[in-house]
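Everything on this sheet refers to the single structure shown next.
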Amino acid sequence: MQVFRRNAGDLRELLADKMYSWKELREKCRKEATRPVIKHCEQSPLQKAHNARIDDDVYNQRSMSETVFS
């Protein structure tokens, strides 16, 4: 959340993996006009449906930032 808050003005999309799938982060992103591209932990059919709607080409771009941080 701290990294998002610091850069919220510059972000159009926030790409993250399932470890960052929490409601408050998603709501904060939407409030700041940032699209959260975070897969849900699949515990219900609705969450599976949300994951199916995520564009894999966009979601897989997160690996580029993970490579930079590592």
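Each chain of the structure tokens is named A, B, ... in the order shown, its residues numbered from 1; ligands are numbered from 1 in display order.
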| Which residues, written as a list in words, have at least one atom at most 12 Å from stretch 17-28 of chain A, with only C-alpha atoms counted and residues fewer than 6 positions away on the same chain left out? |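 Contacts, with the query itself left out: Met1, Gln2, Val3, Phe4, Arg5, Ala8, Thr34, Arg35, Pro36, Val37, Ile38, Lys39, His40, Cys41, Glu42, Gln43, Gln47, Asn51, Tyr59, Asn60, Gln61, Arg62, Ser63, Ser65 and Glu66 of chain A.
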| So which residues of chain A fall under helix (DSSP H, G or I) by DSSP, listed as number ranges by chain? | A: 2-7, 18-20, 23-31, 45-52, 56-59, 62-69
I need the residues from that last selection saved to file as a short mmCIF file (atom, residue, chain, number, x, y, z; two decimals), in the first residue's frame (with N, CA, C and O atoms), if you can.
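Generated file (out03.cif):
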data_model
loop_
_atom_site.label_atom_id
_atom_site.label_comp_id
_atom_site.auth_asym_id
_atom_site.auth_seq_id
_atom_site.Cartn_x
_atom_site.Cartn_y
_atom_site.Cartn_z
N GLN A 2 2.01 1.21 0.71
CA GLN A 2 2.88 2.37 0.79
C GLN A 2 3.44 2.74 -0.59
O GLN A 2 3.48 3.91 -0.95
N VAL A 3 3.85 1.76 -1.36
CA VAL A 3 4.38 2.03 -2.70
C VAL A 3 3.29 2.61 -3.59
O VAL A 3 3.52 3.54 -4.35
N PHE A 4 2.07 2.09 -3.47
CA PHE A 4 0.97 2.62 -4.27
C PHE A 4 0.70 4.08 -3.89
O PHE A 4 0.57 4.93 -4.77
N ARG A 5 0.62 4.37 -2.60
CA ARG A 5 0.33 5.74 -2.17
C ARG A 5 1.38 6.73 -2.68
O ARG A 5 1.06 7.83 -3.09
N ARG A 6 2.64 6.30 -2.64
CA ARG A 6 3.73 7.18 -3.05
C ARG A 6 3.67 7.49 -4.54
O ARG A 6 4.03 8.57 -4.98
N ASN A 7 3.20 6.53 -5.36
CA ASN A 7 3.21 6.69 -6.81
C ASN A 7 1.82 6.79 -7.43
O ASN A 7 1.70 6.71 -8.65
N LYS A 18 -1.29 -12.61 -6.77
CA LYS A 18 -2.37 -12.93 -5.82
C LYS A 18 -2.02 -12.57 -4.38
O LYS A 18 -2.90 -12.40 -3.56
N MET A 19 -0.75 -12.45 -4.06
CA MET A 19 -0.35 -12.10 -2.70
C MET A 19 -0.84 -10.70 -2.31
O MET A 19 -0.92 -10.37 -1.14
N TYR A 20 -1.13 -9.86 -3.30
CA TYR A 20 -1.58 -8.49 -3.04
C TYR A 20 -3.08 -8.34 -3.28
O TYR A 20 -3.57 -7.24 -3.51
N LYS A 23 -9.06 -6.34 -0.55
CA LYS A 23 -10.13 -5.42 -0.94
C LYS A 23 -9.73 -3.95 -0.79
O LYS A 23 -10.02 -3.14 -1.66
N GLU A 24 -9.06 -3.60 0.29
CA GLU A 24 -8.71 -2.21 0.53
C GLU A 24 -7.78 -1.66 -0.56
O GLU A 24 -7.91 -0.52 -0.99
N LEU A 25 -6.84 -2.47 -1.01
CA LEU A 25 -5.93 -2.04 -2.07
C LEU A 25 -6.69 -1.82 -3.38
O LEU A 25 -6.49 -0.81 -4.06
N ARG A 26 -7.57 -2.74 -3.71
CA ARG A 26 -8.38 -2.59 -4.93
C ARG A 26 -9.24 -1.32 -4.88
O ARG A 26 -9.32 -0.57 -5.84
N GLU A 27 -9.87 -1.07 -3.74
CA GLU A 27 -10.72 0.11 -3.59
C GLU A 27 -9.91 1.40 -3.67
O GLU A 27 -10.33 2.37 -4.30
N LYS A 28 -8.74 1.41 -3.06
CA LYS A 28 -7.88 2.59 -3.10
C LYS A 28 -7.43 2.86 -4.53
O LYS A 28 -7.41 4.01 -4.97
N CYS A 29 -7.08 1.81 -5.26
CA CYS A 29 -6.68 1.98 -6.66
C CYS A 29 -7.80 2.62 -7.47
O CYS A 29 -7.58 3.59 -8.20
N ARG A 30 -8.98 2.08 -7.35
CA ARG A 30 -10.12 2.59 -8.12
C ARG A 30 -10.43 4.04 -7.75
O ARG A 30 -10.77 4.85 -8.60
N LYS A 31 -10.31 4.36 -6.47
CA LYS A 31 -10.58 5.72 -6.00
C LYS A 31 -9.58 6.70 -6.61
O LYS A 31 -9.93 7.85 -6.89
N PRO A 45 -16.68 -19.17 -7.25
CA PRO A 45 -16.88 -19.06 -8.69
C PRO A 45 -16.79 -17.61 -9.19
O PRO A 45 -16.31 -17.34 -10.29
N LEU A 46 -17.24 -16.65 -8.37
CA LEU A 46 -17.17 -15.25 -8.75
C LEU A 46 -15.71 -14.79 -8.92
O LEU A 46 -15.37 -14.10 -9.87
N GLN A 47 -14.85 -15.21 -8.02
CA GLN A 47 -13.43 -14.85 -8.12
C GLN A 47 -12.79 -15.50 -9.34
O GLN A 47 -11.95 -14.90 -10.01
N LYS A 48 -13.18 -16.72 -9.65
CA LYS A 48 -12.68 -17.38 -10.87
C LYS A 48 -13.12 -16.61 -12.11
O LYS A 48 -12.35 -16.45 -13.05
N ALA A 49 -14.35 -16.11 -12.08
CA ALA A 49 -14.86 -15.32 -13.21
C ALA A 49 -14.09 -14.01 -13.36
O ALA A 49 -13.78 -13.59 -14.47
N HIS A 50 -13.78 -13.37 -12.23
CA HIS A 50 -12.98 -12.13 -12.28
C HIS A 50 -11.62 -12.41 -12.90
O HIS A 50 -11.13 -11.64 -13.73
N ASN A 51 -10.99 -13.50 -12.52
CA ASN A 51 -9.67 -13.85 -13.06
C ASN A 51 -9.73 -14.14 -14.55
O ASN A 51 -8.80 -13.82 -15.28
N ALA A 52 -10.81 -14.73 -14.99
CA ALA A 52 -10.95 -15.06 -16.41
C ALA A 52 -11.05 -13.79 -17.27
O ALA A 52 -10.68 -13.82 -18.44
N ASP A 56 -4.39 -11.65 -20.09
CA ASP A 56 -3.14 -12.31 -19.74
C ASP A 56 -1.92 -11.55 -20.24
O ASP A 56 -0.88 -11.54 -19.58
N ASP A 57 -2.02 -10.91 -21.40
CA ASP A 57 -0.89 -10.15 -21.92
C ASP A 57 -0.53 -8.99 -20.99
O ASP A 57 0.64 -8.71 -20.74
N VAL A 58 -1.53 -8.33 -20.46
CA VAL A 58 -1.30 -7.22 -19.53
C VAL A 58 -0.80 -7.76 -18.20
O VAL A 58 0.19 -7.27 -17.64
N TYR A 59 -1.46 -8.78 -17.68
CA TYR A 59 -1.10 -9.33 -16.37
C TYR A 59 0.33 -9.87 -16.37
O TYR A 59 1.06 -9.70 -15.39
N ARG A 62 3.76 -7.96 -15.39
CA ARG A 62 4.27 -7.78 -14.04
C ARG A 62 5.60 -8.49 -13.84
O ARG A 62 6.42 -8.09 -13.02
N SER A 63 5.86 -9.53 -14.64
CA SER A 63 7.13 -10.26 -14.51
C SER A 63 8.31 -9.36 -14.85
O SER A 63 9.41 -9.55 -14.33
N MET A 64 8.11 -8.36 -15.71
CA MET A 64 9.19 -7.43 -16.04
C MET A 64 9.60 -6.62 -14.80
O MET A 64 10.78 -6.45 -14.53
N SER A 65 8.62 -6.14 -14.06
CA SER A 65 8.95 -5.36 -12.87
C SER A 65 9.54 -6.26 -11.78
O SER A 65 10.44 -5.86 -11.04
N GLU A 66 9.07 -7.50 -11.68
CA GLU A 66 9.65 -8.43 -10.71
C GLU A 66 11.12 -8.71 -11.03
O GLU A 66 11.93 -8.83 -10.12
N THR A 67 11.45 -8.78 -12.31
CA THR A 67 12.83 -9.00 -12.71
C THR A 67 13.70 -7.80 -12.30
O THR A 67 14.80 -7.97 -11.79
N VAL A 68 13.18 -6.60 -12.47
CA VAL A 68 13.94 -5.39 -12.10
C VAL A 68 14.19 -5.37 -10.60
O VAL A 68 15.29 -5.10 -10.16
N PHE A 69 13.15 -5.69 -9.80
CA PHE A 69 13.31 -5.64 -8.35
C PHE A 69 14.23 -6.75 -7.83
O PHE A 69 14.88 -6.58 -6.81
#
| In chain A, DSSP strand (DSSP E or B) residues written as a VMD selection string | chain A and resid 13 to 16 35 to 38
If you keep all heavy atoms, can you produce a file of those selected residues as a tab-separated table (two decimals), in the first residue's frame?
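result-v3.tsv, freshly written:
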chain	number	residue	atom	x	y	z
A	13	GLU	N	-2.20	1.66	-14.17
A	13	GLU	CA	-2.53	0.28	-13.82
A	13	GLU	C	-1.57	-0.20	-12.75
A	13	GLU	O	-0.39	0.16	-12.77
A	13	GLU	CB	-2.39	-0.63	-15.05
A	13	GLU	CG	-3.40	-0.35	-16.13
A	13	GLU	CD	-3.24	-1.27	-17.32
A	13	GLU	OE1	-2.10	-1.71	-17.61
A	13	GLU	OE2	-4.25	-1.58	-17.97
A	14	LEU	N	-2.07	-1.00	-11.84
A	14	LEU	CA	-1.23	-1.62	-10.82
A	14	LEU	C	-1.25	-3.12	-11.07
A	14	LEU	O	-2.28	-3.77	-10.96
A	14	LEU	CB	-1.77	-1.32	-9.42
A	14	LEU	CG	-1.01	-2.00	-8.28
A	14	LEU	CD1	0.40	-1.40	-8.16
A	14	LEU	CD2	-1.75	-1.85	-6.98
A	15	LEU	N	-0.10	-3.66	-11.46
A	15	LEU	CA	0.03	-5.08	-11.75
A	15	LEU	C	0.64	-5.76	-10.54
A	15	LEU	O	1.70	-5.35	-10.07
A	15	LEU	CB	0.93	-5.30	-12.97
A	15	LEU	CG	0.46	-4.61	-14.25
A	15	LEU	CD1	1.60	-4.52	-15.25
A	15	LEU	CD2	-0.70	-5.37	-14.83
A	16	ALA	N	-0.03	-6.79	-10.04
A	16	ALA	CA	0.48	-7.51	-8.87
A	16	ALA	C	-0.04	-8.95	-8.90
A	16	ALA	O	-1.00	-9.26	-9.59
A	16	ALA	CB	0.03	-6.82	-7.59
A	35	ARG	N	-6.23	1.33	-12.43
A	35	ARG	CA	-6.85	0.03	-12.67
A	35	ARG	C	-6.03	-1.07	-11.98
A	35	ARG	O	-4.88	-1.29	-12.32
A	35	ARG	CB	-6.90	-0.25	-14.17
A	35	ARG	CG	-7.47	-1.59	-14.50
A	35	ARG	CD	-7.48	-1.81	-16.00
A	35	ARG	NE	-7.80	-3.19	-16.28
A	35	ARG	CZ	-7.19	-3.92	-17.17
A	35	ARG	NH1	-6.23	-3.42	-17.92
A	35	ARG	NH2	-7.53	-5.17	-17.36
A	36	PRO	N	-6.62	-1.76	-11.00
A	36	PRO	CA	-5.88	-2.85	-10.35
A	36	PRO	C	-5.94	-4.12	-11.21
A	36	PRO	O	-7.01	-4.62	-11.51
A	36	PRO	CB	-6.61	-3.05	-9.02
A	36	PRO	CG	-7.99	-2.59	-9.29
A	36	PRO	CD	-7.89	-1.51	-10.34
A	37	VAL	N	-4.79	-4.60	-11.64
A	37	VAL	CA	-4.71	-5.85	-12.39
A	37	VAL	C	-4.07	-6.87	-11.45
A	37	VAL	O	-2.88	-7.13	-11.48
A	37	VAL	CB	-3.89	-5.70	-13.69
A	37	VAL	CG1	-3.88	-7.00	-14.49
A	37	VAL	CG2	-4.45	-4.57	-14.54
A	38	ILE	N	-4.90	-7.38	-10.56
A	38	ILE	CA	-4.46	-8.30	-9.52
A	38	ILE	C	-5.40	-9.49	-9.54
A	38	ILE	O	-6.61	-9.32	-9.39
A	38	ILE	CB	-4.52	-7.63	-8.13
A	38	ILE	CG1	-3.74	-6.32	-8.12
A	38	ILE	CG2	-4.00	-8.59	-7.07
A	38	ILE	CD1	-3.96	-5.47	-6.89
